[in-house]
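For reference, the structure discussed in these notes is given below.
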2 protein chains.
Amino acid sequence: MSEQHAITMTAPPEVYRQRRAKLAAALERPVVIFAGHAPARNYPANTHHFRAGSSYRYFGGPPLENAALLIEPGSDGDAGCTLLRRPPGADDALWFGEVPTDNDIAAAAGLRREGLADTDKLEALLAGRAAATVAPPFPDTLAWIAKLGLPPANDDELRAIINLRLTKDEHELAAMRRSSGICIEAHRAAMAATKPGKREADVAAAFMAVLHRHECQVAFNPIITVHGEVLHGQGHPNIMPDGALLLCDAGVEEPGGYACDFTRTFPVSGKWTPIQRHLYEITLRAANEATAACVPAARYRDVHDLSARVICEGLVEAELLRGDPAELVARTAHALFYPHGVGHLVGLDAHDMEDFGDLAGYAPGRARRPEFGNKYLRLDRDLEPGMCVTIEPGIYLVPAIWASDELVKPLADVVNRPKVDALLKDSFGGIRIEHTICVRPAETGGPEILSETLPTDPDEVAACVGTG
Amino acid sequence: MSEQHAITMTAPPEVYRQRRAKLAAALERPVVIFAGHAPARNYPANTHHFRAGSSYRYFGGPPLENAALLIEPGSDGDAGCTLLRRPPGADDALWFGEVPTDNDIAAAAGLRREGLADTDKLEALLAGRAAATVAPPFPDTLAWIAKLGLPPANDDELRAIINLRLTKDEHELAAMRRSSGICIEAHRAAMAATKPGKREADVAAAFMAVLHRHECQVAFNPIITVHGEVLHGQGHPNIMPDGALLLCDAGVEEPGGYACDFTRTFPVSGKWTPIQRHLYEITLRAANEATAACVPAARYRDVHDLSARVICEGLVEAELLRGDPAELVARTAHALFYPHGVGHLVGLDAHDMEDFGDLAGYAPGRARRPEFGNKYLRLDRDLEPGMCVTIEPGIYLVPAIWASDELVKPLADVVNRPKVDALLKDSFGGIRIEHTICVRPAETGGPEILSETLPTDPDEVAACVGTG
């Protein structure tokens with residue numbers, strides 16, 4: 001078998017067996033976890049990159065399209081576990097070369113050779129028993145499940161998976177450090193490629209070239225824009241004017257599937273204007289204080305509120321808001337400038353387990369607050385050692401917000417509207433700083449910041465710009 | 001509206017109206033042509049690039065997710081045509097910034113403002129009438145159609161679309177020249193980045209950086225490999241050894257959706273071995289003769305057979321086969337070395353209209369031949385001016401073929417097996433040269449070769465390698 005066909009896994013077989021055994025101990029019925037398949041681009045044979053489902057990967061599934069893991073209640077992680085996969089087609093060797101052998105596949109997954117079965121056998125293996133299903137949102141997979149008549153996993157079953165995936169073991173952290181290292185290299189390349197008059201697409205190309213060299217995927221479509229106020233901007237069409245800020249929110253997924261998610265904002269010219277630097281320093285203070293607050297047992301919602309308070313303190317200093325910062329946060333005045341949550345879980349997904357909805361992000365009994373701004377917070381759990389989260393406060397001048405009487409009128413008494421309008425007129429854009437961190441026991445000196453060596457100091461950041 | 005939100009179209013509105021009117025004239029019932037949506041990567045909000053369906057784009061649909069064009073029989077292309085789209089959500093301005101206005105959308109599509117409707121209105125607009133559907137293979141789109149209970153277009157309706165899309169007008173050709181220009185730049189970058197000891201991924205990064213700079217997508221996942229004998233190789237994991245050939249089969253899709261598809265093969269070191277050069281020159285001769293044969297009224301299957309004959313002539317010269325070349329082709333001996341078809345349609349899809357199956361590639365009354373090799377030919381039509389096709393012969397040493405008694409035994413009398421085995425042992429790999437061409441009337445001097453300025457001469461090719 002040439003290196004071309006190596007199976008990329010992130011943990012040794014024994015670890016996958018242990019994970020499956022732990023899940024099996026919590027199950028009352030079998031669960032089938034699907035890999036999914038590569039979705040079509042325009043016609044069926046022309047597909048996007050195949051990205052196996054995250055839960056399937058977590059429990060040891062090798063990256064094989066249309067495969068599935070069947071885990072029986074009480075399994076020891078080997079016996080009672082079956083990897084279902086479609087056997088190679090007659091012409092596969094011609095079109096795709098050598099494919100992994102059954103022995104390779106079983107070894108990677110931590111299963112005996114007898115633990116492999118053809119997907120067609122799933123129905124026979126279940127023999128009419130109810131089985132829960134977990135699947136990525138891919139069409140043929142969902143159609144297959146519908147045809148089998150199997151129900152989706154219930155909340156208890158999903159929680160059993162979530163409880164395992166919520167804290168990262170040493171193998172997962174090693175993978176996240178790998179994606180982070182490549183992400184830092186890519187962000188540095190992006191900074192180096194930034195110059196007035198060049199295009200956002202030039203910066204995106206510099207970022208992406210690093211990923212391609214390392215055979216990595218994007219963890220999500222990178223946001224690389226002089227319109228940082230557009231929170232989920234798409235495409236990179238703009239020329240970067242002198243005087244603008246470039247916001248670069250881009251993460252890497254290493255071949256095992258583990259993500260990181262970093263944001264840096266910097267002046268296109270390498271020179272901060274006073275107000276840019278001032279609002280940047282406020283954002284940095286919020287990022288640093290929120291990061292330091294991520295200790296075991298801290299409630300993530302409190303970390304969000306802390307970041308909002310630091311932002312409000314800064315906005316009062318900057319004379320954009322007036323009043324007592326704590327009171328401003330209570331009235332969600334921060335959301336006029338900082339309308340999103342402070343971060344989210346990160347792991348095998350950039351928004352880890354977001355396919356399970358708030359079941360993953362919100363601890364039992366907790367729910368999203370209804371107010372504008374706070375309602376976008378994706379996570380409210382008590383932090384535990386090994387949890388990986390992002391910390392990503394920001395300050396933006398969003399025209400759509402300032403055009404909304406509904407949002408602005410109730411806070412008119414605390415807003416310095418002329419100064420806001422001047423920044424809007426000046427196309428200030430937006431600033432965000434984002435770390436991916438791993439929560440650590442307090443005695444080990446606070447969280448591990450996976451983005452630590454990517455500069456945040458405004459002078460250091462500026463020195464990286466335009467050097468390429 | 002900032003440049004960020006410009007709607008990319010490839011033809012003026014009047015041309016889209018004309019295309020719709022022509023289709024409408026061939027219809028007996030309304031047809032709904034769907035745009036599709038961006039498929040999920042791992043969780044629903046994390047999507048791959050949105051690529052609107054090709055037929056939807058051809059008939060003037062702007063790139064809007066979950067939109068659709070309703071075309072009534074006998075429509076003049078404006079009245080009797082409706083663009084259905086989902087109106088922006090309440091929070092869209094916050095997350096996605098300014099979105100195109102209804103006036104922008106209608107103008108781009110060549111419709112009156114009243115020609116726009118909410119997707120929810122599709123059922124009411126049809127008012128119980130049967131309507132045919134054409135959709136890209138995307139899950140939510142197919143689920144939407146299933147819910148509406150609408151049938152897929154029948155063969156007559158698909159043929160009406162195929163007949164229009166089969167020959168390219170000046171706007172389409174201009175778009176294909178744009179994608180080709182970028183593809184040439186990217187292939188040159190790939191050649192320049194190739195050096196012994198570097199990785200295939202380094203070459204892929206150089207290729208992809210050019211696409212990212214131009215905000216283009218891949219037309220398909222690029223094949224960049226020292227294992228050219230793996231016809232649809234995936235990933236770029238290998239180190240490129242001195243002495244190996246690198247096969248680079250990679251195409252560009254410009255923002256309007258038009259593709260090109262070029263292949264070049266070159267020595268990693270920039271120096272051909274005698275046998276590499278010999279088999280390369282045979283392949284080049286086949287590519288050139290097959291290209292020259294692409295004149296109006298020529299049958300594409302004959303072009304394939306011509307390429308097979310030139311390959312056989314060369315393989316006899318090279319003492320890999322023995323016998324009369326025409327007889328060798330009749331026995332499909334070429335397929336031992338050249339197991340695929342000479343090419344395919346290219347346009348809005350890299351394999352244009354492959355989602356319609358052989359209805360697009362094969363003229364009425366024609367079907368695929370059953371023999372190994374010839375059965376993979378994707379196209380058998382009489383060529384017409386404006387048709388765009390690839391010409392991509394190759395010579396490969398595929399271990400899976402030579403391990404197959406079924407394929408080799410019947411041809412044992414014409415094969416020089418020791419010489420074949422020596423090349424296999426030497427990991428010869430494979431060679432392919434691919435042009436994207438546009439068929440022209442004979443009096444204008446033969447086909448337009450969109451890849452013309454990307455070198456094919458072995459010395460010129462070698463001189464491009466490793467210069468970056």
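By convention in this document, the chains of the structure tokens carry letters A, B, ... by their order, each chain's residues are numbered from 1, and ligands are numbered from 1 in the order they are shown.
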Excluding Ala205 in chain A and residues on its chain fewer than 5 positions from it, collect all residues at most 10 Å away from it, counting only C-alpha atoms, and give them as a list in words. Ala186, Ala189, Ala190, Ala193, Arg199, Glu200, Val210, Leu211 and His236 of chain A; Ala205, Ala206, Met208, Ala209, Val210, Leu211, His212, Arg213, His214 and Glu215 of chain B
At most 8 Å to chain A: residues in chain B, only C-alpha atoms, as a PyMOL selection string: chain B and resi 3-4+39-44+46-49+51-54+93-97+136-140+201-206+208-215+220-221+229-238+349+353-355+398+400-401
Would you mind exporting C-alpha atoms of the selected residues as a PDB file, in the first residue's frame?
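Done, and the output landed in selection-v5.pdb:
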ATOM      1  CA  GLU B   3     -18.819  45.418  -5.309  1.00  0.00           C
ATOM      2  CA  GLN B   4     -19.211  42.820  -2.560  1.00  0.00           C
ATOM      3  CA  PRO B  39     -24.415  21.458   0.703  1.00  0.00           C
ATOM      4  CA  ALA B  40     -23.374  21.009   4.329  1.00  0.00           C
ATOM      5  CA  ARG B  41     -19.775  20.149   5.145  1.00  0.00           C
ATOM      6  CA  ASN B  42     -20.355  18.671   8.635  1.00  0.00           C
ATOM      7  CA  TYR B  43     -23.132  20.703  10.287  1.00  0.00           C
ATOM      8  CA  PRO B  44     -25.881  22.544   8.425  1.00  0.00           C
ATOM      9  CA  ASN B  46     -21.040  25.083   7.632  1.00  0.00           C
ATOM     10  CA  THR B  47     -21.432  24.665   3.912  1.00  0.00           C
ATOM     11  CA  HIS B  48     -19.320  24.050   0.885  1.00  0.00           C
ATOM     12  CA  HIS B  49     -19.203  26.752  -1.782  1.00  0.00           C
ATOM     13  CA  ARG B  51     -22.690  26.397  -6.910  1.00  0.00           C
ATOM     14  CA  ALA B  52     -26.010  27.083  -8.631  1.00  0.00           C
ATOM     15  CA  GLY B  53     -27.320  24.427 -11.011  1.00  0.00           C
ATOM     16  CA  SER B  54     -25.959  24.726 -14.543  1.00  0.00           C
ATOM     17  CA  ALA B  93     -28.254  42.332   6.872  1.00  0.00           C
ATOM     18  CA  LEU B  94     -26.424  41.719  10.158  1.00  0.00           C
ATOM     19  CA  TRP B  95     -24.729  38.491   9.123  1.00  0.00           C
ATOM     20  CA  PHE B  96     -24.375  38.912   5.381  1.00  0.00           C
ATOM     21  CA  GLY B  97     -24.429  42.698   4.811  1.00  0.00           C
ATOM     22  CA  PRO B 136     -29.070  19.722  -9.453  1.00  0.00           C
ATOM     23  CA  PRO B 137     -28.538  16.677  -7.218  1.00  0.00           C
ATOM     24  CA  PHE B 138     -28.933  18.530  -3.913  1.00  0.00           C
ATOM     25  CA  PRO B 139     -30.915  17.107  -1.011  1.00  0.00           C
ATOM     26  CA  ASP B 140     -33.124  19.961   0.107  1.00  0.00           C
ATOM     27  CA  ALA B 201       0.650  19.116  -2.383  1.00  0.00           C
ATOM     28  CA  ASP B 202       3.177  21.902  -3.068  1.00  0.00           C
ATOM     29  CA  VAL B 203       2.198  21.805  -6.726  1.00  0.00           C
ATOM     30  CA  ALA B 204      -1.501  21.725  -5.843  1.00  0.00           C
ATOM     31  CA  ALA B 205      -0.976  24.771  -3.604  1.00  0.00           C
ATOM     32  CA  ALA B 206       0.670  26.685  -6.439  1.00  0.00           C
ATOM     33  CA  MET B 208      -4.878  26.628  -6.282  1.00  0.00           C
ATOM     34  CA  ALA B 209      -3.352  29.961  -5.259  1.00  0.00           C
ATOM     35  CA  VAL B 210      -3.933  31.230  -8.795  1.00  0.00           C
ATOM     36  CA  LEU B 211      -7.583  30.192  -8.626  1.00  0.00           C
ATOM     37  CA  HIS B 212      -8.058  31.847  -5.256  1.00  0.00           C
ATOM     38  CA  ARG B 213      -6.456  35.069  -6.497  1.00  0.00           C
ATOM     39  CA  HIS B 214      -8.987  35.159  -9.340  1.00  0.00           C
ATOM     40  CA  GLU B 215     -11.897  34.130  -7.093  1.00  0.00           C
ATOM     41  CA  PHE B 220     -13.425  19.403 -10.408  1.00  0.00           C
ATOM     42  CA  ASN B 221     -11.014  18.127  -7.776  1.00  0.00           C
ATOM     43  CA  GLU B 229      -1.931   5.650 -13.920  1.00  0.00           C
ATOM     44  CA  VAL B 230      -4.585   6.190 -11.231  1.00  0.00           C
ATOM     45  CA  LEU B 231      -7.121   7.848 -13.488  1.00  0.00           C
ATOM     46  CA  HIS B 232      -9.152   9.607 -10.811  1.00  0.00           C
ATOM     47  CA  GLY B 233      -6.493   9.900  -8.133  1.00  0.00           C
ATOM     48  CA  GLN B 234      -7.525  11.768  -5.014  1.00  0.00           C
ATOM     49  CA  GLY B 235      -5.418  13.746  -2.603  1.00  0.00           C
ATOM     50  CA  HIS B 236      -1.828  14.880  -3.082  1.00  0.00           C
ATOM     51  CA  PRO B 237       0.148  12.880  -0.513  1.00  0.00           C
ATOM     52  CA  ASN B 238       3.234  11.829  -2.425  1.00  0.00           C
ATOM     53  CA  ASP B 349     -20.042  21.627 -16.279  1.00  0.00           C
ATOM     54  CA  MET B 353     -24.733  18.041 -18.781  1.00  0.00           C
ATOM     55  CA  GLU B 354     -23.509  14.734 -17.347  1.00  0.00           C
ATOM     56  CA  ASP B 355     -26.395  15.027 -14.896  1.00  0.00           C
ATOM     57  CA  VAL B 398      -2.035   0.490 -14.815  1.00  0.00           C
ATOM     58  CA  ALA B 400      -4.801  -3.378 -12.124  1.00  0.00           C
ATOM     59  CA  ILE B 401      -5.110  -3.876 -15.874  1.00  0.00           C
TER      60      ILE B 401
END
Check range 170-418 of chain B with DSSP on the backbone and list each residue it calls alpha helix (DSSP H), as a ChimeraX atom specification. /B:170-192,200-213,274-292,300-317,325-330,358-361,399-402,405-408,417-418
Dump C-alpha atoms for the selected residues as an mmCIF file, in the first residue's frame?
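Output saved as again-v8.cif:
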data_model
loop_
_atom_site.group_PDB
_atom_site.id
_atom_site.type_symbol
_atom_site.label_atom_id
_atom_site.label_comp_id
_atom_site.auth_asym_id
_atom_site.auth_seq_id
_atom_site.Cartn_x
_atom_site.Cartn_y
_atom_site.Cartn_z
ATOM 1 C CA GLU B 170 -20.185 34.187 -27.911
ATOM 2 C CA HIS B 171 -20.990 34.964 -24.246
ATOM 3 C CA GLU B 172 -20.376 31.415 -23.171
ATOM 4 C CA LEU B 173 -17.172 31.219 -25.179
ATOM 5 C CA ALA B 174 -15.961 34.469 -23.657
ATOM 6 C CA ALA B 175 -16.520 32.941 -20.208
ATOM 7 C CA MET B 176 -14.696 29.757 -21.186
ATOM 8 C CA ARG B 177 -11.794 31.821 -22.503
ATOM 9 C CA ARG B 178 -11.680 33.577 -19.129
ATOM 10 C CA SER B 179 -11.576 30.308 -17.213
ATOM 11 C CA SER B 180 -9.015 28.993 -19.708
ATOM 12 C CA GLY B 181 -6.742 32.004 -19.278
ATOM 13 C CA ILE B 182 -6.720 31.513 -15.530
ATOM 14 C CA CYS B 183 -6.239 27.781 -15.963
ATOM 15 C CA ILE B 184 -3.183 28.358 -18.139
ATOM 16 C CA GLU B 185 -1.720 30.672 -15.496
ATOM 17 C CA ALA B 186 -2.438 28.040 -12.829
ATOM 18 C CA HIS B 187 -0.916 25.180 -14.832
ATOM 19 C CA ARG B 188 2.201 27.286 -15.450
ATOM 20 C CA ALA B 189 2.418 27.943 -11.706
ATOM 21 C CA ALA B 190 2.080 24.210 -11.092
ATOM 22 C CA MET B 191 4.898 23.421 -13.521
ATOM 23 C CA ALA B 192 7.099 26.088 -11.982
ATOM 24 C CA GLU B 200 2.384 16.905 -4.932
ATOM 25 C CA ALA B 201 0.650 19.116 -2.383
ATOM 26 C CA ASP B 202 3.177 21.902 -3.068
ATOM 27 C CA VAL B 203 2.198 21.805 -6.726
ATOM 28 C CA ALA B 204 -1.501 21.725 -5.843
ATOM 29 C CA ALA B 205 -0.976 24.771 -3.604
ATOM 30 C CA ALA B 206 0.670 26.685 -6.439
ATOM 31 C CA PHE B 207 -2.162 25.764 -8.788
ATOM 32 C CA MET B 208 -4.878 26.628 -6.282
ATOM 33 C CA ALA B 209 -3.352 29.961 -5.259
ATOM 34 C CA VAL B 210 -3.933 31.230 -8.795
ATOM 35 C CA LEU B 211 -7.583 30.192 -8.626
ATOM 36 C CA HIS B 212 -8.058 31.847 -5.256
ATOM 37 C CA ARG B 213 -6.456 35.069 -6.497
ATOM 38 C CA PRO B 274 13.989 8.368 -23.498
ATOM 39 C CA ILE B 275 10.950 6.143 -22.915
ATOM 40 C CA GLN B 276 9.024 8.940 -21.174
ATOM 41 C CA ARG B 277 9.698 11.260 -24.062
ATOM 42 C CA HIS B 278 8.832 8.613 -26.619
ATOM 43 C CA LEU B 279 5.467 7.786 -25.048
ATOM 44 C CA TYR B 280 4.827 11.486 -24.473
ATOM 45 C CA GLU B 281 5.371 12.218 -28.147
ATOM 46 C CA ILE B 282 2.964 9.458 -29.102
ATOM 47 C CA THR B 283 0.354 10.927 -26.786
ATOM 48 C CA LEU B 284 0.953 14.387 -28.211
ATOM 49 C CA ARG B 285 0.584 13.102 -31.748
ATOM 50 C CA ALA B 286 -2.729 11.481 -30.760
ATOM 51 C CA ALA B 287 -3.906 14.715 -29.108
ATOM 52 C CA ASN B 288 -2.970 16.816 -32.113
ATOM 53 C CA GLU B 289 -4.471 14.510 -34.720
ATOM 54 C CA ALA B 290 -7.673 14.050 -32.729
ATOM 55 C CA THR B 291 -7.951 17.813 -32.229
ATOM 56 C CA ALA B 292 -7.497 18.477 -35.935
ATOM 57 C CA TYR B 300 -16.840 12.143 -32.040
ATOM 58 C CA ARG B 301 -16.597 8.361 -31.771
ATOM 59 C CA ASP B 302 -14.450 8.410 -34.888
ATOM 60 C CA VAL B 303 -12.227 10.994 -33.223
ATOM 61 C CA HIS B 304 -11.872 8.606 -30.300
ATOM 62 C CA ASP B 305 -11.030 5.735 -32.618
ATOM 63 C CA LEU B 306 -8.526 7.911 -34.471
ATOM 64 C CA SER B 307 -6.790 8.731 -31.191
ATOM 65 C CA ALA B 308 -6.734 5.007 -30.373
ATOM 66 C CA ARG B 309 -5.158 4.254 -33.745
ATOM 67 C CA VAL B 310 -2.438 6.860 -33.327
ATOM 68 C CA ILE B 311 -1.726 5.491 -29.848
ATOM 69 C CA CYS B 312 -1.501 1.947 -31.266
ATOM 70 C CA GLU B 313 0.817 3.068 -34.035
ATOM 71 C CA GLY B 314 3.040 4.593 -31.413
ATOM 72 C CA LEU B 315 2.889 1.572 -29.144
ATOM 73 C CA VAL B 316 3.942 -0.608 -32.069
ATOM 74 C CA GLU B 317 6.859 1.783 -32.763
ATOM 75 C CA PRO B 325 -2.593 -0.627 -35.682
ATOM 76 C CA ALA B 326 -6.095 -0.654 -37.187
ATOM 77 C CA GLU B 327 -6.494 -4.289 -36.239
ATOM 78 C CA LEU B 328 -5.180 -3.593 -32.734
ATOM 79 C CA VAL B 329 -7.828 -0.876 -32.323
ATOM 80 C CA ALA B 330 -10.498 -3.244 -33.597
ATOM 81 C CA ASP B 358 -25.967 9.830 -21.949
ATOM 82 C CA LEU B 359 -28.950 11.824 -23.230
ATOM 83 C CA ALA B 360 -26.514 14.728 -23.531
ATOM 84 C CA GLY B 361 -23.391 12.889 -24.628
ATOM 85 C CA PRO B 399 -1.128 -2.424 -12.514
ATOM 86 C CA ALA B 400 -4.801 -3.378 -12.124
ATOM 87 C CA ILE B 401 -5.110 -3.876 -15.874
ATOM 88 C CA TRP B 402 -1.993 -6.013 -16.192
ATOM 89 C CA ASP B 405 -6.230 -12.134 -16.990
ATOM 90 C CA GLU B 406 -9.639 -11.278 -18.363
ATOM 91 C CA LEU B 407 -8.264 -8.150 -20.010
ATOM 92 C CA VAL B 408 -4.773 -9.290 -20.953
ATOM 93 C CA ARG B 417 4.877 -8.432 -21.944
ATOM 94 C CA PRO B 418 8.527 -8.234 -20.825
#
Can you tell me, as an mmCIF file with N, CA and C atoms, in the first residue's frame, what residues are no more than 7 Å from Asp249 in chain A when counting only C-alpha atoms, ignoring any on the same chain fewer than 4 positions away?
data_model
loop_
_atom_site.group_PDB
_atom_site.id
_atom_site.type_symbol
_atom_site.label_atom_id
_atom_site.label_comp_id
_atom_site.auth_asym_id
_atom_site.auth_seq_id
_atom_site.Cartn_x
_atom_site.Cartn_y
_atom_site.Cartn_z
ATOM 1 N N PRO A 222 -13.407 30.849 4.807
ATOM 2 C CA PRO A 222 -12.720 31.934 5.498
ATOM 3 C C PRO A 222 -13.367 33.291 5.238
ATOM 4 N N ILE A 223 -13.442 34.078 6.292
ATOM 5 C CA ILE A 223 -13.917 35.457 6.190
ATOM 6 C C ILE A 223 -12.658 36.329 6.133
ATOM 7 N N ILE A 224 -12.389 36.889 4.990
ATOM 8 C CA ILE A 224 -11.195 37.735 4.799
ATOM 9 C C ILE A 224 -11.705 38.973 4.104
ATOM 10 N N PHE A 262 -9.348 30.898 14.274
ATOM 11 C CA PHE A 262 -8.613 32.086 14.751
ATOM 12 C C PHE A 262 -9.071 33.316 13.959
ATOM 13 N N THR A 263 -9.087 34.454 14.612
ATOM 14 C CA THR A 263 -9.333 35.728 13.916
ATOM 15 C C THR A 263 -8.272 36.739 14.293
ATOM 16 N N ARG A 264 -7.791 37.451 13.296
ATOM 17 C CA ARG A 264 -6.950 38.612 13.529
ATOM 18 C C ARG A 264 -7.491 39.753 12.677
#
Which of range 246-324 of chain A counts as strand (DSSP E) under DSSP, as a PyMOL selection string please? chain A and resi 246-250+252-253+262-267
Can you tell me which residues surround Asp242 in chain B at a distance of at most 10 Å, considering only C-alpha atoms, apart from same-chain residues fewer than 5 positions away, and format the answer as a PyMOL selection string? chain B and resi 195-198+267-271
Put those residues in a file: C-alpha atoms, as a compact mmCIF listing (two decimals), in the first residue's frame.
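Saved the output as part31.txt:
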# COMPACT_ATOMS: atom_id res chain seq x y z
CA LYS B 195 10.88 19.89 -8.20
CA PRO B 196 12.21 16.50 -7.09
CA GLY B 197 11.78 16.07 -3.33
CA LYS B 198 8.87 18.49 -3.10
CA PRO B 267 9.06 15.12 -15.77
CA VAL B 268 9.47 16.14 -12.14
CA SER B 269 13.13 16.87 -12.78
CA GLY B 270 12.52 18.79 -16.02
CA LYS B 271 14.40 16.03 -17.89
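Near Cys438 in chain A, within 6 Å and counting only C-alpha atoms, sit Gly386, Met387, Cys388, Pro447 and Glu448 of chain A; same-chain residues fewer than 4 positions away were not included.
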Write out the residues from the selection above, keeping C-alpha atoms, as a PDB file, in the first residue's frame.
ATOM      1  CA  GLY A 386     -10.205  19.638  28.278  1.00  0.00           C
ATOM      2  CA  MET A 387     -13.095  21.651  26.840  1.00  0.00           C
ATOM      3  CA  CYS A 388     -12.011  23.611  23.790  1.00  0.00           C
ATOM      4  CA  PRO A 447      -6.026  27.866  29.564  1.00  0.00           C
ATOM      5  CA  GLU A 448      -3.831  26.651  26.736  1.00  0.00           C
TER       6      GLU A 448
END
Using only C-alpha atoms, which protein or nucleic acid residues come within 9 Å of Ile161 in chain A? Drop anything in the same chain fewer than 5 positions from it, and give the result as JSON, numbers by chain. {"A": [23, 55, 156, 166]}
I'd like the contact shell of Thr332 in chain B - 9 Å cut-off, only C-alpha atoms, skipping same-chain residues fewer than 6 positions apart - returned as a list in words.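 Here the answer would be Ala308, Glu371, Phe372, Gly373, Asn374 and Leu411 of chain B.
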